[in-house]
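What follows is the content of model_11.tsv, which has TSV, C-alpha atoms:
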```
chain	number	residue	atom	x	y	z
A	1	MET	CA	12.12	-31.06	-78.19
A	2	ARG	CA	11.00	-28.22	-75.95
A	3	PHE	CA	10.37	-28.57	-72.21
A	4	VAL	CA	8.94	-26.20	-69.65
A	5	VAL	CA	10.74	-26.43	-66.33
A	6	LEU	CA	8.77	-25.18	-63.33
A	7	ARG	CA	10.79	-24.38	-60.22
A	8	LYS	CA	8.68	-24.79	-57.10
A	9	THR	CA	9.03	-22.04	-54.53
A	10	GLU	CA	10.32	-22.27	-50.99
A	11	LYS	CA	9.57	-20.32	-47.81
A	12	TRP	CA	12.69	-18.19	-48.11
A	13	MET	CA	11.71	-17.20	-51.66
A	14	GLU	CA	8.14	-16.37	-50.63
A	15	SER	CA	9.42	-14.15	-47.82
A	16	GLY	CA	11.28	-12.04	-50.37
A	17	GLY	CA	14.65	-13.34	-49.29
A	18	SER	CA	17.57	-12.82	-51.62
A	19	ASN	CA	21.00	-14.32	-51.99
A	20	PRO	CA	23.43	-12.30	-54.16
A	21	GLU	CA	25.82	-15.27	-54.53
A	22	LEU	CA	23.01	-17.53	-55.71
A	23	ALA	CA	21.74	-14.82	-58.09
A	24	ALA	CA	25.21	-14.57	-59.65
A	25	ALA	CA	25.46	-18.36	-59.95
A	26	MET	CA	22.01	-18.48	-61.59
A	27	GLN	CA	23.09	-15.78	-64.09
A	28	GLN	CA	26.17	-17.82	-64.99
A	29	TYR	CA	24.06	-20.99	-65.33
A	30	ASP	CA	21.57	-19.18	-67.61
A	31	ASP	CA	24.47	-17.85	-69.70
A	32	GLU	CA	25.87	-21.39	-70.06
A	33	MET	CA	22.51	-22.66	-71.28
A	34	ARG	CA	22.23	-19.73	-73.76
A	35	GLN	CA	25.74	-20.41	-75.09
A	36	ALA	CA	24.87	-24.11	-75.47
A	37	GLY	CA	21.77	-23.08	-77.44
A	38	VAL	CA	19.28	-24.83	-75.16
A	39	LEU	CA	17.73	-21.89	-73.26
A	40	VAL	CA	14.65	-20.50	-75.00
A	41	ALA	CA	13.34	-18.37	-72.11
A	42	VAL	CA	13.80	-17.91	-68.39
A	43	GLU	CA	11.69	-15.96	-65.92
A	44	ARG	CA	12.02	-15.66	-62.16
A	45	LEU	CA	8.77	-14.81	-60.40
A	46	GLN	CA	8.05	-12.41	-57.56
A	47	PRO	CA	6.60	-13.84	-54.32
A	48	SER	CA	2.90	-14.72	-54.31
A	49	ALA	CA	2.22	-11.66	-52.14
A	50	ASN	CA	2.31	-9.77	-55.46
A	51	ALA	CA	0.08	-12.26	-57.29
A	52	THR	CA	-3.61	-12.47	-58.09
A	53	ARG	CA	-5.53	-15.62	-58.90
A	54	LEU	CA	-8.47	-15.49	-61.25
A	55	ARG	CA	-11.15	-18.13	-60.77
A	56	MET	CA	-14.24	-18.80	-62.81
A	57	SER	CA	-17.20	-20.63	-61.39
A	58	LYS	CA	-20.62	-20.93	-63.00
A	59	GLY	CA	-19.82	-18.14	-65.45
A	60	GLU	CA	-18.58	-15.66	-62.84
A	61	PHE	CA	-15.01	-14.51	-62.32
A	62	ARG	CA	-13.53	-13.97	-58.90
A	63	THR	CA	-10.10	-12.62	-58.05
A	64	VAL	CA	-8.08	-13.59	-55.00
A	65	ASP	CA	-5.00	-11.59	-54.06
A	66	GLY	CA	-1.90	-13.21	-52.57
A	67	PRO	CA	0.00	-14.13	-50.60
A	68	PHE	CA	-0.94	-17.77	-50.94
A	69	THR	CA	-0.10	-20.14	-48.12
A	70	GLU	CA	0.31	-23.46	-49.93
A	71	SER	CA	3.93	-22.80	-50.90
A	72	ASN	CA	4.47	-26.40	-52.03
A	73	GLU	CA	2.14	-25.64	-54.97
A	74	LEU	CA	3.62	-22.25	-55.91
A	75	ILE	CA	6.07	-21.62	-58.75
A	76	ALA	CA	9.21	-19.49	-58.29
A	77	GLY	CA	10.41	-19.53	-61.88
A	78	VAL	CA	9.95	-20.92	-65.36
A	79	ASN	CA	12.49	-22.00	-67.94
A	80	ILE	CA	11.78	-23.13	-71.48
A	81	ILE	CA	14.57	-25.25	-72.88
A	82	ASP	CA	15.06	-26.95	-76.24
A	83	VAL	CA	16.99	-30.20	-75.91
A	84	ALA	CA	17.11	-33.57	-77.64
A	85	SER	CA	15.47	-35.61	-74.89
A	86	ARG	CA	13.90	-35.75	-71.45
A	87	GLU	CA	17.19	-37.14	-70.15
A	88	GLU	CA	19.07	-34.09	-71.43
A	89	ALA	CA	16.50	-31.79	-69.78
A	90	ILE	CA	17.04	-33.61	-66.49
A	91	ALA	CA	20.83	-33.37	-66.88
A	92	TRP	CA	20.62	-29.58	-67.35
A	93	MET	CA	18.36	-29.17	-64.33
A	94	LYS	CA	20.69	-31.21	-62.14
A	95	ARG	CA	23.30	-28.50	-62.76
A	96	CYS	CA	20.99	-25.70	-61.55
A	97	PRO	CA	22.57	-23.69	-58.70
A	98	THR	CA	19.29	-23.51	-56.75
A	99	LEU	CA	19.82	-27.17	-55.94
A	100	CYS	CA	22.81	-26.00	-53.90
A	101	GLY	CA	21.12	-22.85	-52.55
A	102	PRO	CA	20.25	-21.91	-48.98
A	103	SER	CA	17.64	-24.64	-48.61
A	104	THR	CA	18.16	-28.35	-48.36
A	105	GLU	CA	15.27	-29.21	-50.66
A	106	ALA	CA	14.26	-28.06	-54.12
A	107	GLU	CA	11.72	-29.32	-56.60
A	108	PHE	CA	11.45	-28.90	-60.35
A	109	GLU	CA	8.74	-30.13	-62.68
A	110	ILE	CA	9.83	-30.86	-66.25
A	111	ARG	CA	7.03	-31.05	-68.80
A	112	PRO	CA	7.22	-31.49	-72.57
A	113	VAL	CA	5.66	-28.71	-74.61
A	114	LEU	CA	2.79	-29.79	-76.82
A	115	GLU	CA	4.10	-29.52	-80.37
A	116	GLY	CA	2.05	-29.18	-83.53
A	117	PRO	CA	-1.40	-27.74	-84.13
A	118	PRO	CA	-3.82	-27.46	-81.19
A	119	VAL	CA	-6.03	-30.43	-80.56
A	120	ASP	CA	-9.68	-29.79	-81.52
A	121	GLY	CA	-11.57	-28.61	-78.47
A	122	ALA	CA	-8.42	-28.25	-76.30
A	123	LEU	CA	-9.17	-24.62	-75.53
A	124	ASP	CA	-12.94	-24.94	-75.21
```
Please express the file's structure as structure tokens.
Amino acid sequence: MRFVVLRKTEKWMESGGSNPELAAAMQQYDDEMRQAGVLVAVERLQPSANATRLRMSKGEFRTVDGPFTESNELIAGVNIIDVASREEAIAWMKRCPTLCGPSTEAEFEIRPVLEGPPVDGALD
């Protein structure tokens, strides 16, 4: 069963802060997940200052360039993992080094990937 894990961003990440020790720990963690055969993909995202949002309203597109202020809604990274259950996905995320990083709070969202053919009208 595949899950997408969304890592919410934090102020220090949005400010472009870096932590070489944390980066090394994250690399080791990613390698462990690869060796265990559960990591499908992993991407770390640049701060929202380098992002653009595309909005459509009444048939017209509008772009809005970052940075975006509502950091509690922003994503810092995405993992796709393939595990047997939701509980296993949670267990892997509990081992993530960013939970022990420079901040005292971290938030992940774990969502199952829709499997099978698309639902009629889902992309309309």
Exercise. Which residue, A:Ala51, A:Val42, A:Ile75, A:Val5, has the smallest gap to Tyr29 of chain A when you use all atoms listed in the file?
Worked result: A:Val42
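Omitting Lys8 of chain A and its sequence neighbours fewer than 3 positions away, and counting all atoms listed in the file, the residues within 6 Å are Leu74, Ile75, Ala76, Glu107 and Phe108 of chain A.
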Exercise. Which one of A:Ile81, A:Met1, A:Ile110, A:Ile90 sits closest to Met33 of chain A if you count only C-alpha atoms?
Worked result: A:Ile81
Exercise. Which one of A:Cys96, A:Val78, A:Ala106, A:Ser48 sits closest to Leu22 of chain A if you count all atoms listed in the file?
Worked result: A:Cys96
Exercise. Of the residues A:Leu54, A:Val64, A:Ala24, A:Met93, which is the one nearest to Phe3 of chain A, using all atoms listed in the file?
Worked result: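 Nearest candidate to Phe3 of chain A out of A:Leu54, A:Val64, A:Ala24, A:Met93: A:Met93.
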Problem set entry | Nearby residues, (21.6, -24.5, -72.5) file frame, 10 Å, all atoms listed in the file, as number ranges by chain | A: 29-40, 80-83, 88-89, 92-93
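Contact shell of Ala49 of chain A at 8 Å (all atoms listed in the file; same-chain neighbours under 5 positions omitted): Glu14, Asp65, Gly66, Pro67 and Phe68 of chain A.
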Exercise. Atom CA of Gly77 of chain A to atom CA of Gln27 of chain A: how many Å, to one decimal?
Worked result: 13.4 Å
